[in-house]
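Raw start.cif, mmCIF, C-alpha atoms:
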```cif
data_entry
#
loop_
_atom_site.label_atom_id
_atom_site.label_comp_id
_atom_site.auth_asym_id
_atom_site.auth_seq_id
_atom_site.Cartn_x
_atom_site.Cartn_y
_atom_site.Cartn_z
CA MET S 1352 -3.75 5.48 -21.25
CA LEU S 1353 -0.84 3.06 -21.68
CA ARG S 1354 -0.39 4.45 -25.19
CA GLU S 1355 0.79 7.73 -23.66
CA VAL S 1356 4.54 7.59 -23.14
CA ALA S 1357 4.60 9.67 -19.93
CA PHE S 1358 1.97 7.58 -18.19
CA LEU S 1359 3.45 4.33 -19.51
CA ARG S 1360 6.80 5.28 -17.94
CA LEU S 1361 5.10 6.19 -14.64
CA TRP S 1362 3.02 3.00 -14.69
CA SER S 1363 6.07 0.83 -15.43
CA GLY S 1364 8.12 2.47 -12.68
CA THR S 1365 5.33 2.10 -10.14
CA THR S 1366 4.82 -1.53 -11.15
CA ALA S 1367 8.54 -2.27 -10.78
CA SER S 1368 8.58 -0.71 -7.30
CA GLY S 1369 5.49 -2.69 -6.28
CA LEU S 1370 6.99 -5.94 -7.51
CA ALA S 1371 10.29 -5.24 -5.74
CA THR S 1372 8.44 -4.37 -2.53
CA TRP S 1373 6.50 -7.63 -2.63
CA ALA S 1374 9.50 -9.76 -3.63
CA LEU S 1375 11.88 -8.94 -0.76
CA PRO S 1376 10.06 -10.76 2.08
CA PHE S 1377 9.27 -13.66 -0.29
CA VAL S 1378 12.92 -14.06 -1.29
CA LEU S 1379 14.09 -13.77 2.31
CA GLY S 1380 11.60 -16.54 3.12
CA LEU S 1381 13.29 -18.66 0.44
CA ALA S 1382 16.59 -17.90 2.16
CA VAL S 1383 15.20 -19.52 5.31
CA LEU S 1384 14.23 -22.60 3.31
CA ASP S 1385 17.74 -22.99 1.86
CA ARG S 1386 19.24 -22.34 5.34
CA SER S 1387 21.18 -19.23 4.35
CA LEU S 1388 19.08 -17.30 6.87
CA SER S 1389 17.57 -18.33 10.19
CA ALA S 1390 13.97 -17.68 11.21
CA ALA S 1391 15.23 -15.15 13.76
CA GLY S 1392 17.26 -13.44 11.04
CA LEU S 1393 14.17 -13.28 8.84
CA GLY S 1394 12.21 -11.63 11.63
CA LEU S 1395 15.02 -9.14 12.22
CA GLY S 1396 15.25 -8.28 8.52
CA LEU S 1397 11.51 -7.75 8.10
CA ALA S 1398 11.33 -5.70 11.28
CA ALA S 1399 14.23 -3.52 10.10
CA ARG S 1400 12.51 -3.00 6.76
CA THR S 1401 9.33 -1.90 8.54
CA VAL S 1402 11.27 0.55 10.72
CA GLY S 1403 12.94 2.00 7.62
CA PHE S 1404 9.57 2.36 5.91
CA LEU S 1405 7.94 4.14 8.83
CA ALA S 1406 10.90 6.49 9.30
CA ALA S 1407 11.08 7.44 5.62
CA VAL S 1408 7.41 8.04 4.81
CA PRO S 1409 6.99 11.39 6.65
CA VAL S 1410 10.43 12.59 5.56
CA SER S 1411 9.63 11.78 1.95
CA GLY S 1412 6.33 13.63 2.18
CA VAL S 1413 8.13 16.82 3.12
CA LEU S 1414 10.91 16.38 0.56
CA ALA S 1415 8.54 15.56 -2.28
CA ASP S 1416 6.61 18.77 -1.60
CA ARG S 1417 9.78 20.81 -1.17
CA TYR S 1418 11.69 19.49 -4.20
CA SER S 1419 10.95 17.68 -7.45
CA ARG S 1420 8.80 14.56 -6.95
CA ARG S 1421 10.76 12.92 -9.77
CA LYS S 1422 14.03 13.42 -7.89
CA VAL S 1423 12.59 11.95 -4.70
CA VAL S 1424 11.47 8.88 -6.66
CA PHE S 1425 14.95 8.60 -8.21
CA TRP S 1426 16.91 8.81 -4.96
CA SER S 1427 14.55 6.56 -3.00
CA GLY S 1428 14.58 3.94 -5.76
CA LEU S 1429 18.37 4.19 -6.03
CA ALA S 1430 18.77 3.68 -2.28
CA ALA S 1431 16.63 0.53 -2.41
CA ALA S 1432 18.53 -0.68 -5.50
CA VAL S 1433 21.88 -0.34 -3.72
CA ALA S 1434 20.50 -2.00 -0.58
CA ALA S 1435 19.46 -5.22 -2.37
CA PRO S 1436 22.99 -6.52 -3.17
CA VAL S 1437 24.12 -5.47 0.32
CA ILE S 1438 21.34 -7.66 1.75
CA ALA S 1439 22.73 -10.52 -0.37
CA LEU S 1440 26.21 -9.80 1.01
CA GLY S 1441 24.82 -9.75 4.55
CA LEU S 1442 23.26 -13.19 4.05
CA ARG S 1443 26.76 -14.55 3.42
CA TRP S 1444 28.72 -12.68 6.06
CA SER S 1445 26.70 -10.69 8.60
CA VAL S 1446 23.08 -10.72 9.73
CA PRO S 1447 23.40 -7.20 11.27
CA LEU S 1448 24.63 -5.90 7.89
CA MET S 1449 21.64 -7.59 6.25
CA ALA S 1450 19.29 -5.91 8.74
CA VAL S 1451 20.80 -2.46 8.13
CA ALA S 1452 20.47 -2.93 4.38
CA ALA S 1453 16.88 -4.11 4.81
CA ALA S 1454 16.16 -0.91 6.74
CA VAL S 1455 17.58 1.11 3.83
CA ALA S 1456 15.44 -0.90 1.39
CA GLY S 1457 12.39 -0.20 3.56
CA ALA S 1458 13.27 3.48 3.61
CA GLY S 1459 13.45 3.52 -0.18
CA GLN S 1460 10.09 1.79 -0.37
CA GLY S 1461 8.51 4.21 2.09
CA ALA S 1462 10.05 7.27 0.48
CA CYS S 1463 8.78 6.48 -3.01
CA ARG S 1464 5.13 5.94 -2.02
CA PRO S 1465 4.01 9.55 -1.37
CA ALA S 1466 6.28 10.79 -4.18
CA PHE S 1467 4.68 8.42 -6.69
CA GLN S 1468 1.23 9.44 -5.48
CA ALA S 1469 2.00 13.12 -6.00
CA LEU S 1470 3.77 12.50 -9.32
CA THR S 1471 0.67 10.76 -10.66
CA ALA S 1472 -1.29 13.97 -10.10
CA GLU S 1473 1.31 15.85 -12.16
CA VAL S 1474 1.50 13.41 -15.07
CA VAL S 1475 -2.24 12.68 -15.44
CA ASP S 1476 -4.94 15.33 -15.84
CA GLU S 1477 -7.76 15.30 -13.27
CA PRO S 1478 -10.59 13.74 -15.38
CA ARG S 1479 -8.49 10.62 -16.06
CA ARG S 1480 -6.83 10.10 -12.69
CA GLN S 1481 -9.29 7.49 -11.49
CA GLN S 1482 -8.60 5.45 -14.62
CA ALA S 1483 -4.86 5.95 -14.10
CA ASN S 1484 -5.01 4.86 -10.45
CA ALA S 1485 -7.04 1.81 -11.47
CA ALA S 1486 -4.42 0.91 -14.10
CA ILE S 1487 -1.66 1.18 -11.50
CA THR S 1488 -3.47 -0.95 -8.94
CA LEU S 1489 -4.29 -3.51 -11.65
CA ALA S 1490 -0.59 -3.88 -12.37
CA VAL S 1491 0.22 -4.29 -8.68
CA ARG S 1492 -2.48 -6.95 -8.21
CA ILE S 1493 -1.45 -8.88 -11.33
CA THR S 1494 2.16 -9.01 -10.18
CA THR S 1495 1.00 -10.16 -6.73
CA LEU S 1496 -0.97 -12.96 -8.40
CA VAL S 1497 1.72 -14.07 -10.86
CA ALA S 1498 4.95 -13.24 -9.04
CA PRO S 1499 4.99 -16.11 -6.47
CA ALA S 1500 4.91 -18.74 -9.23
CA VAL S 1501 7.49 -16.86 -11.32
CA THR S 1502 9.81 -16.37 -8.33
CA ALA S 1503 9.49 -20.02 -7.30
CA LEU S 1504 10.35 -21.02 -10.87
CA LEU S 1505 13.37 -18.71 -10.92
CA ALA S 1506 14.46 -20.17 -7.57
CA THR S 1507 14.96 -23.53 -9.26
CA VAL S 1508 17.74 -22.08 -11.43
CA LEU S 1509 18.94 -19.08 -9.39
CA ASP S 1510 20.06 -18.87 -5.79
CA THR S 1511 18.77 -16.36 -3.25
CA HIS S 1512 21.62 -13.95 -3.87
CA ALA S 1513 20.85 -13.76 -7.59
CA LEU S 1514 17.18 -13.15 -6.83
CA LEU S 1515 18.15 -10.29 -4.52
CA LEU S 1516 20.22 -8.77 -7.33
CA GLY S 1517 17.10 -9.03 -9.48
CA ILE S 1518 15.18 -7.03 -6.85
CA GLY S 1519 17.91 -4.40 -7.05
CA LEU S 1520 17.42 -4.18 -10.82
CA LEU S 1521 13.68 -3.72 -10.34
CA TRP S 1522 14.35 -0.79 -8.00
CA LEU S 1523 16.75 0.64 -10.56
CA VAL S 1524 13.96 0.55 -13.14
CA ALA S 1525 11.64 2.26 -10.63
CA ALA S 1526 14.26 4.96 -10.07
CA LEU S 1527 15.14 5.68 -13.70
CA LEU S 1528 11.94 5.16 -15.68
CA PRO S 1529 9.29 7.60 -14.35
CA PRO S 1530 8.97 10.90 -16.24
CA ALA S 1531 9.49 14.39 -14.89
CA GLY S 1532 6.37 16.06 -13.56
CA THR S 1533 4.90 19.40 -14.53
CA ARG S 1534 5.32 21.04 -11.12
CA THR S 1535 8.12 23.55 -10.63
CA THR S 1536 9.62 24.35 -7.22
CA GLU S 1537 10.34 27.87 -6.10
CA THR S 1538 14.07 27.78 -5.53
CA GLY S 1539 14.17 31.25 -4.03
CA GLN S 1540 11.71 30.68 -1.22
CA ALA S 1541 12.98 30.35 2.33
CA ARG S 1542 13.13 26.86 3.77
CA VAL S 1543 11.60 26.21 7.17
CA ALA S 1544 12.22 23.41 9.64
CA PHE S 1545 11.16 19.88 8.73
CA PHE S 1546 8.63 19.65 11.56
CA THR S 1547 7.08 22.96 10.54
CA GLU S 1548 6.59 21.73 6.99
CA PHE S 1549 5.22 18.40 8.22
CA ALA S 1550 2.83 20.28 10.53
CA ASP S 1551 1.64 22.26 7.49
CA GLY S 1552 0.76 18.94 5.90
CA VAL S 1553 -1.15 17.88 9.00
CA ARG S 1554 -3.07 21.19 8.94
CA GLU S 1555 -3.90 20.63 5.28
CA ALA S 1556 -5.22 17.15 6.14
CA ARG S 1557 -7.39 18.65 8.91
CA ARG S 1558 -8.98 20.99 6.38
CA HIS S 1559 -10.60 17.91 4.78
CA PRO S 1560 -12.99 16.19 7.21
CA TRP S 1561 -13.72 13.49 4.62
CA PHE S 1562 -10.01 12.60 4.59
CA LEU S 1563 -9.79 12.28 8.38
CA ALA S 1564 -12.94 10.17 8.52
CA GLY S 1565 -11.89 7.92 5.63
CA LEU S 1566 -8.38 7.50 7.00
CA GLY S 1567 -9.76 6.56 10.40
CA ALA S 1568 -11.98 3.90 8.81
CA LEU S 1569 -9.16 2.55 6.63
CA THR S 1570 -6.75 2.37 9.57
CA ALA S 1571 -9.32 0.56 11.70
CA VAL S 1572 -10.07 -2.02 8.99
CA ILE S 1573 -6.39 -2.72 8.25
CA ALA S 1574 -5.32 -2.85 11.90
CA THR S 1575 -8.12 -5.27 12.84
CA GLY S 1576 -9.61 -7.19 9.93
CA TYR S 1577 -6.50 -7.35 7.76
CA SER S 1578 -4.29 -8.29 10.70
CA ALA S 1579 -6.72 -10.86 12.10
CA THR S 1580 -7.14 -12.67 8.80
CA GLY S 1581 -3.38 -12.60 8.20
CA VAL S 1582 -2.80 -14.44 11.48
CA VAL S 1583 -5.91 -16.65 11.66
CA LEU S 1584 -6.34 -17.76 8.04
CA PRO S 1585 -3.33 -20.15 8.10
CA LEU S 1586 -4.53 -21.61 11.42
CA VAL S 1587 -8.11 -22.13 10.21
CA SER S 1588 -6.88 -23.65 6.97
CA ARG S 1589 -4.77 -26.14 8.89
CA ASP S 1590 -6.97 -26.93 11.91
CA ARG S 1591 -10.52 -26.73 10.48
CA TYR S 1592 -10.00 -27.80 6.88
CA GLY S 1593 -6.92 -29.99 7.31
CA SER S 1594 -4.75 -28.58 4.53
CA GLU S 1595 -3.15 -25.47 3.12
CA ALA S 1596 -5.58 -25.43 0.19
CA VAL S 1597 -7.96 -22.97 1.86
CA LEU S 1598 -5.06 -20.63 2.67
CA ALA S 1599 -3.86 -20.67 -0.95
CA GLY S 1600 -7.39 -20.46 -2.33
CA ALA S 1601 -8.49 -17.57 -0.14
CA THR S 1602 -5.30 -15.59 -0.82
CA THR S 1603 -5.72 -16.08 -4.56
CA ALA S 1604 -9.44 -15.26 -4.35
CA TYR S 1605 -8.64 -11.96 -2.64
CA VAL S 1606 -6.27 -10.92 -5.43
CA VAL S 1607 -8.77 -12.00 -8.11
CA GLY S 1608 -11.43 -9.94 -6.35
CA ALA S 1609 -9.10 -6.94 -6.20
CA LEU S 1610 -8.41 -7.25 -9.93
CA THR S 1611 -12.14 -7.33 -10.59
CA GLY S 1612 -12.71 -4.31 -8.35
CA ALA S 1613 -10.00 -2.33 -10.16
CA LEU S 1614 -11.59 -3.12 -13.52
CA ILE S 1615 -15.01 -2.03 -12.24
CA VAL S 1616 -13.85 1.22 -10.65
CA ALA S 1617 -11.82 2.23 -13.72
CA ARG S 1618 -15.15 3.09 -15.39
CA TRP S 1619 -17.73 3.31 -12.60
CA ARG S 1620 -18.53 6.78 -11.29
CA PRO S 1621 -21.27 6.58 -8.64
CA ARG S 1622 -22.95 9.83 -7.65
CA ALA S 1623 -22.13 9.33 -3.97
CA GLN S 1624 -18.58 8.16 -4.59
CA GLY S 1625 -17.44 8.40 -0.98
CA TRP S 1626 -20.33 6.34 0.34
CA ALA S 1627 -19.79 3.73 -2.37
CA ALA S 1628 -16.08 3.57 -1.51
CA LEU S 1629 -16.75 3.13 2.21
CA ALA S 1630 -19.33 0.44 1.47
CA GLY S 1631 -16.62 -1.36 -0.47
CA LEU S 1632 -14.19 -0.99 2.43
CA ALA S 1633 -16.78 -2.43 4.83
CA THR S 1634 -16.99 -5.64 2.80
CA TYR S 1635 -13.63 -6.65 4.27
CA GLY S 1636 -15.65 -7.64 7.34
CA PHE S 1637 -16.85 -10.72 5.44
CA ALA S 1638 -13.30 -12.14 5.53
CA PRO S 1639 -13.00 -12.53 9.33
CA LEU S 1640 -16.69 -13.46 9.47
CA SER S 1641 -16.12 -16.38 7.09
CA LEU S 1642 -13.29 -17.64 9.32
CA LEU S 1643 -15.50 -17.38 12.39
CA LEU S 1644 -18.26 -19.61 11.04
CA PRO S 1645 -17.95 -23.35 10.18
CA VAL S 1646 -18.73 -22.89 6.50
CA HIS S 1647 -17.72 -24.71 3.32
CA PRO S 1648 -14.30 -23.67 1.96
CA VAL S 1649 -16.01 -22.21 -1.12
CA VAL S 1650 -17.81 -19.73 1.16
CA VAL S 1651 -14.48 -18.62 2.64
CA MET S 1652 -13.06 -18.05 -0.83
CA ALA S 1653 -16.20 -16.21 -1.94
CA ALA S 1654 -15.89 -13.92 1.10
CA TYR S 1655 -12.30 -13.13 0.12
CA VAL S 1656 -13.37 -12.35 -3.44
CA VAL S 1657 -15.93 -9.88 -2.09
CA ALA S 1658 -13.33 -8.35 0.25
CA GLY S 1659 -10.89 -7.98 -2.66
CA VAL S 1660 -13.49 -6.27 -4.86
CA GLY S 1661 -14.43 -3.96 -2.02
CA ILE S 1662 -10.89 -2.88 -1.14
CA GLU S 1663 -10.28 -1.60 -4.67
CA LEU S 1664 -13.70 0.05 -4.82
CA PHE S 1665 -12.31 2.05 -1.90
CA ASN S 1666 -8.63 2.44 -2.81
CA VAL S 1667 -8.92 3.88 -6.31
CA PRO S 1668 -11.50 6.62 -5.53
CA TRP S 1669 -9.62 7.34 -2.29
CA PHE S 1670 -6.31 8.01 -4.03
CA THR S 1671 -8.07 9.96 -6.76
CA ALA S 1672 -9.88 12.16 -4.25
CA ILE S 1673 -6.65 12.96 -2.39
CA GLN S 1674 -5.01 13.97 -5.68
CA ARG S 1675 -8.02 16.13 -6.58
CA GLU S 1676 -8.87 17.82 -3.28
CA VAL S 1677 -5.56 18.40 -1.53
CA GLU S 1678 -3.53 21.51 -2.29
CA PRO S 1679 -0.91 20.39 -4.88
CA GLY S 1680 2.03 21.80 -2.90
CA LYS S 1681 1.06 19.69 0.13
CA LEU S 1682 -0.11 16.55 -1.65
CA ALA S 1683 2.92 14.40 -0.81
CA ARG S 1684 2.74 15.30 2.89
CA VAL S 1685 -0.94 14.40 3.11
CA SER S 1686 -0.28 11.17 1.19
CA SER S 1687 2.50 10.34 3.63
CA LEU S 1688 0.02 10.65 6.50
CA ASP S 1689 -2.25 8.24 4.66
CA PHE S 1690 0.46 5.59 4.25
CA LEU S 1691 1.94 6.19 7.70
CA LEU S 1692 -1.29 5.69 9.63
CA SER S 1693 -3.07 3.09 7.52
CA TYR S 1694 -0.39 0.66 6.38
CA GLY S 1695 2.21 1.84 8.88
CA LEU S 1696 0.11 0.67 11.84
CA ALA S 1697 -0.59 -2.75 10.29
CA PRO S 1698 2.48 -4.35 11.97
CA LEU S 1699 1.16 -3.20 15.35
CA GLY S 1700 -2.15 -4.91 14.63
CA LEU S 1701 -0.34 -8.08 13.58
CA ALA S 1702 1.71 -8.01 16.80
CA LEU S 1703 -1.38 -7.65 19.01
CA ILE S 1704 -3.66 -10.18 17.33
CA ALA S 1705 -1.88 -13.32 18.57
CA PRO S 1706 -1.87 -12.22 22.26
CA ALA S 1707 -5.51 -11.19 21.92
CA ILE S 1708 -6.39 -14.64 20.56
CA ASP S 1709 -4.54 -16.29 23.47
CA THR S 1710 -6.44 -14.10 25.95
CA PHE S 1711 -9.96 -13.92 24.49
CA GLY S 1712 -10.10 -16.79 22.01
CA THR S 1713 -10.18 -16.92 18.22
CA ALA S 1714 -13.95 -16.55 17.91
CA ALA S 1715 -14.11 -13.42 20.06
CA VAL S 1716 -11.24 -11.74 18.18
CA LEU S 1717 -12.63 -12.56 14.75
CA GLY S 1718 -16.10 -11.40 15.77
CA ALA S 1719 -14.77 -8.12 17.16
CA CYS S 1720 -12.68 -7.52 14.04
CA ALA S 1721 -15.66 -8.18 11.76
CA VAL S 1722 -17.76 -5.69 13.75
CA VAL S 1723 -15.03 -3.04 13.49
CA CYS S 1724 -14.76 -3.61 9.72
CA PHE S 1725 -18.49 -3.06 9.30
CA LEU S 1726 -18.95 -0.20 11.76
CA ALA S 1727 -15.85 1.94 11.13
CA PRO S 1728 -16.79 2.80 7.51
CA ALA S 1729 -20.41 3.31 8.57
CA ALA S 1730 -19.29 5.79 11.24
CA ALA S 1731 -17.07 7.60 8.72
CA ALA S 1732 -20.02 7.90 6.32
CA ILE S 1733 -21.82 10.14 8.85
CA VAL S 1734 -19.38 13.00 8.12
CA PRO S 1735 -21.19 15.15 5.52
CA SER S 1736 -18.25 15.73 3.17
CA VAL S 1737 -17.57 11.98 2.97
CA ARG S 1738 -20.51 11.47 0.60
CA ALA S 1739 -18.52 12.82 -2.36
CA PHE S 1740 -14.99 12.71 -0.87
CA SER S 1741 -14.95 16.47 -1.22
CA ARG S 1742 -14.53 19.20 1.37
CA GLY S 1743 -17.05 21.47 -0.31
CA PRO S 1744 -17.30 25.24 -0.01
CA THR S 1745 -18.51 25.53 3.56
CA THR S 1746 -15.87 23.82 5.69
CA ASP S 1747 -13.11 25.66 7.38
CA GLY S 1748 -9.73 24.75 8.83
#
```

Is it possible to express this structure as structure tokens?
Amino acid sequence: MLREVAFLRLWSGTTASGLATWALPFVLGLAVLDRSLSAAGLGLGLAARTVGFLAAVPVSGVLADRYSRRKVVFWSGLAAAVAAPVIALGLRWSVPLMAVAAAVAGAGQGACRPAFQALTAEVVDEPRRQQANAAITLAVRITTLVAPAVTALLATVLDTHALLLGIGLLWLVAALLPPAGTRTTETGQARVAFFTEFADGVREARRHPWFLAGLGALTAVIATGYSATGVVLPLVSRDRYGSEAVLAGATTAYVVGALTGALIVARWRPRAQGWAALAGLATYGFAPLSLLLPVHPVVVMAAYVVAGVGIELFNVPWFTAIQREVEPGKLARVSSLDFLLSYGLAPLGLALIAPAIDTFGTAAVLGACAVVCFLAPAAAAIVPSVRAFSRGPTTDG
């Protein structure tokens, strides 16, 4: 598919946006190390970025269904590109300015997600969308695996401000490179209020019981298992194993597993695709379970490989099903609900995990999170239309 110019442009733009999204917190962390930013300033900047993301996702969903998806990608990428040098300026002169710019960068990141998702459905025909989504997620995982080493290398010759300018250039690529889609907007139709259009997207989502069930399972897994391992893995690596090697190894193993899962799902088409995807999602429960038990470090890394494989066995069919089943004119709004509830609630989970550990203990929290990771996808699988991630002919709004 990378031989096709339109998809290659879309793939390259999506990859640039994913790399820029990953790089900002990493580079701000480097700013703490070189003392150009305090730890409190880092927390403020990351919080502002999250607020910007959450505020922009639903707005972008409406705009990308109302106007050209390509234009939404352009303006959101351009906003993030402009914000990056302002963040660099804020590091020198004003932490509040840095936080405002980080919020704008987060808004650009959040705005482009549903627009890219909908644009993929325009650029790629339905039979090849699963392969296309797998190619996109492969690029994102490879950059996640390689980018820390590359950024650390660049940091030896470039300062934080230059790296932030580089992030701005990545967002500029994400804004300019993607192709125009095939969808045309009806310029003569009357526009209704934002909340009315967003409510139409919610009603469209409710027409698909498989979507509601799958989104509930995904949100539960991310808010519990993903958050718990994000907080506990560094502690277990330090306190149980006595070094950071397990933290680095498990993080790398997860990305390697995700790469493997993307390669598998690019070609694999199980008959009960929804059940297979939810089974993959449930494997994330092995990650907190491995941290709960006093096992060899290799077992922890193996559990993270399995979790990584499973998350892509879910993600790629999930995105493909949304693109296939949802009404094209409401696709961006439904995608925005997906990002808003699943990844948007992750910071809340991260915020609650540490107090929960202080109150109930690490073992109890990890055990509860593992149970949720296993049971939430199993509960979602009970919904009949989940089997094939398809609403079918008999359901009604």

Hits from the PyMOL selection byres ((chain S and resi 1701-1713) around 12), listed as number ranges by chain: S: 1398, 1573-1584, 1586-1587, 1639-1640, 1642-1644, 1694-1700, 1714-1720

So that I have them on file, write out the residues from the current selection with C-alpha atoms, as a compact mmCIF listing (two decimals), keeping the file's coordinate frame.
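And here is the file that came out, out-v3.txt:
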```txt
# COMPACT_ATOMS: atom_id res chain seq x y z
CA ALA S 1398 11.33 -5.70 11.28
CA ILE S 1573 -6.39 -2.72 8.25
CA ALA S 1574 -5.32 -2.85 11.90
CA THR S 1575 -8.12 -5.27 12.84
CA GLY S 1576 -9.61 -7.19 9.93
CA TYR S 1577 -6.50 -7.35 7.76
CA SER S 1578 -4.29 -8.29 10.70
CA ALA S 1579 -6.72 -10.86 12.10
CA THR S 1580 -7.14 -12.67 8.80
CA GLY S 1581 -3.38 -12.60 8.20
CA VAL S 1582 -2.80 -14.44 11.48
CA VAL S 1583 -5.91 -16.65 11.66
CA LEU S 1584 -6.34 -17.76 8.04
CA LEU S 1586 -4.53 -21.61 11.42
CA VAL S 1587 -8.11 -22.13 10.21
CA PRO S 1639 -13.00 -12.53 9.33
CA LEU S 1640 -16.69 -13.46 9.47
CA LEU S 1642 -13.29 -17.64 9.32
CA LEU S 1643 -15.50 -17.38 12.39
CA LEU S 1644 -18.26 -19.61 11.04
CA TYR S 1694 -0.39 0.66 6.38
CA GLY S 1695 2.21 1.84 8.88
CA LEU S 1696 0.11 0.67 11.84
CA ALA S 1697 -0.59 -2.75 10.29
CA PRO S 1698 2.48 -4.35 11.97
CA LEU S 1699 1.16 -3.20 15.35
CA GLY S 1700 -2.15 -4.91 14.63
CA ALA S 1714 -13.95 -16.55 17.91
CA ALA S 1715 -14.11 -13.42 20.06
CA VAL S 1716 -11.24 -11.74 18.18
CA LEU S 1717 -12.63 -12.56 14.75
CA GLY S 1718 -16.10 -11.40 15.77
CA ALA S 1719 -14.77 -8.12 17.16
CA CYS S 1720 -12.68 -7.52 14.04
```

Name the residues that the PyMOL selection byres ((chain S and resi 1619) around 12) pulls out of this structure, and write them as a tab-separated table (two decimals) with C-alpha atoms, in the coordinates of the input.
```
chain	number	residue	atom	x	y	z
S	1481	GLN	CA	-9.29	7.49	-11.49
S	1482	GLN	CA	-8.60	5.45	-14.62
S	1485	ALA	CA	-7.04	1.81	-11.47
S	1612	GLY	CA	-12.71	-4.31	-8.35
S	1613	ALA	CA	-10.00	-2.33	-10.16
S	1614	LEU	CA	-11.59	-3.12	-13.52
S	1615	ILE	CA	-15.01	-2.03	-12.24
S	1616	VAL	CA	-13.85	1.22	-10.65
S	1617	ALA	CA	-11.82	2.23	-13.72
S	1618	ARG	CA	-15.15	3.09	-15.39
S	1620	ARG	CA	-18.53	6.78	-11.29
S	1621	PRO	CA	-21.27	6.58	-8.64
S	1622	ARG	CA	-22.95	9.83	-7.65
S	1623	ALA	CA	-22.13	9.33	-3.97
S	1624	GLN	CA	-18.58	8.16	-4.59
S	1627	ALA	CA	-19.79	3.73	-2.37
S	1628	ALA	CA	-16.08	3.57	-1.51
S	1663	GLU	CA	-10.28	-1.60	-4.67
S	1664	LEU	CA	-13.70	0.05	-4.82
S	1667	VAL	CA	-8.92	3.88	-6.31
S	1668	PRO	CA	-11.50	6.62	-5.53
```

Close residues, His1512 (chain S) itself excluded, 12 Å, all atoms listed in the file, min 4 positions apart in chain, as a ChimeraX atom specification: /S:1375,1378-1379,1381-1382,1385,1387-1388,1435-1443,1449,1505-1506,1508,1516-1519

Would you put the residues from that selection into a file with C-alpha atoms, as a PDB file, in the coordinates of the input?
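Output below, filename again-v4.pdb:
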```
ATOM      1  CA  LEU S1375      11.880  -8.940  -0.760  1.00  0.00           C
ATOM      2  CA  VAL S1378      12.920 -14.060  -1.290  1.00  0.00           C
ATOM      3  CA  LEU S1379      14.090 -13.770   2.310  1.00  0.00           C
ATOM      4  CA  LEU S1381      13.290 -18.660   0.440  1.00  0.00           C
ATOM      5  CA  ALA S1382      16.590 -17.900   2.160  1.00  0.00           C
ATOM      6  CA  ASP S1385      17.740 -22.990   1.860  1.00  0.00           C
ATOM      7  CA  SER S1387      21.180 -19.230   4.350  1.00  0.00           C
ATOM      8  CA  LEU S1388      19.080 -17.300   6.870  1.00  0.00           C
ATOM      9  CA  ALA S1435      19.460  -5.220  -2.370  1.00  0.00           C
ATOM     10  CA  PRO S1436      22.990  -6.520  -3.170  1.00  0.00           C
ATOM     11  CA  VAL S1437      24.120  -5.470   0.320  1.00  0.00           C
ATOM     12  CA  ILE S1438      21.340  -7.660   1.750  1.00  0.00           C
ATOM     13  CA  ALA S1439      22.730 -10.520  -0.370  1.00  0.00           C
ATOM     14  CA  LEU S1440      26.210  -9.800   1.010  1.00  0.00           C
ATOM     15  CA  GLY S1441      24.820  -9.750   4.550  1.00  0.00           C
ATOM     16  CA  LEU S1442      23.260 -13.190   4.050  1.00  0.00           C
ATOM     17  CA  ARG S1443      26.760 -14.550   3.420  1.00  0.00           C
ATOM     18  CA  MET S1449      21.640  -7.590   6.250  1.00  0.00           C
ATOM     19  CA  LEU S1505      13.370 -18.710 -10.920  1.00  0.00           C
ATOM     20  CA  ALA S1506      14.460 -20.170  -7.570  1.00  0.00           C
ATOM     21  CA  VAL S1508      17.740 -22.080 -11.430  1.00  0.00           C
ATOM     22  CA  LEU S1516      20.220  -8.770  -7.330  1.00  0.00           C
ATOM     23  CA  GLY S1517      17.100  -9.030  -9.480  1.00  0.00           C
ATOM     24  CA  ILE S1518      15.180  -7.030  -6.850  1.00  0.00           C
ATOM     25  CA  GLY S1519      17.910  -4.400  -7.050  1.00  0.00           C
TER      26      GLY S1519
END
```

Residue IDs satisfying the PyMOL selection byres ((chain S and resi 1487-1503) around 7), as number ranges by chain: S: 1362, 1366, 1369-1370, 1483-1486, 1504-1507, 1603, 1606, 1609-1610, 1613

Given the point (10.7, 14.7, -17.2) in the file's coordinates, find the residues that have an atom at most 12 Å from it, counting all atoms listed in the file, and give them as a compact mmCIF listing (two decimals) with C-alpha atoms, in the coordinates of the input.
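Listing of part.txt after writing:
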```txt
# COMPACT_ATOMS: atom_id res chain seq x y z
CA VAL S 1356 4.54 7.59 -23.14
CA ALA S 1357 4.60 9.67 -19.93
CA PHE S 1358 1.97 7.58 -18.19
CA ARG S 1360 6.80 5.28 -17.94
CA LEU S 1361 5.10 6.19 -14.64
CA SER S 1419 10.95 17.68 -7.45
CA ARG S 1420 8.80 14.56 -6.95
CA ARG S 1421 10.76 12.92 -9.77
CA LYS S 1422 14.03 13.42 -7.89
CA PHE S 1425 14.95 8.60 -8.21
CA LEU S 1470 3.77 12.50 -9.32
CA GLU S 1473 1.31 15.85 -12.16
CA VAL S 1474 1.50 13.41 -15.07
CA LEU S 1527 15.14 5.68 -13.70
CA LEU S 1528 11.94 5.16 -15.68
CA PRO S 1529 9.29 7.60 -14.35
CA PRO S 1530 8.97 10.90 -16.24
CA ALA S 1531 9.49 14.39 -14.89
CA GLY S 1532 6.37 16.06 -13.56
CA THR S 1533 4.90 19.40 -14.53
CA ARG S 1534 5.32 21.04 -11.12
CA THR S 1535 8.12 23.55 -10.63
```

Selected residue of minimal separation from Cys1724 (chain S) among S:Tyr1635, S:Phe1690, S:Trp1669, S:Trp1522, counting only C-alpha atoms: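 Counting only C-alpha atoms, the residue closest to Cys1724 (chain S) is S:Tyr1635.
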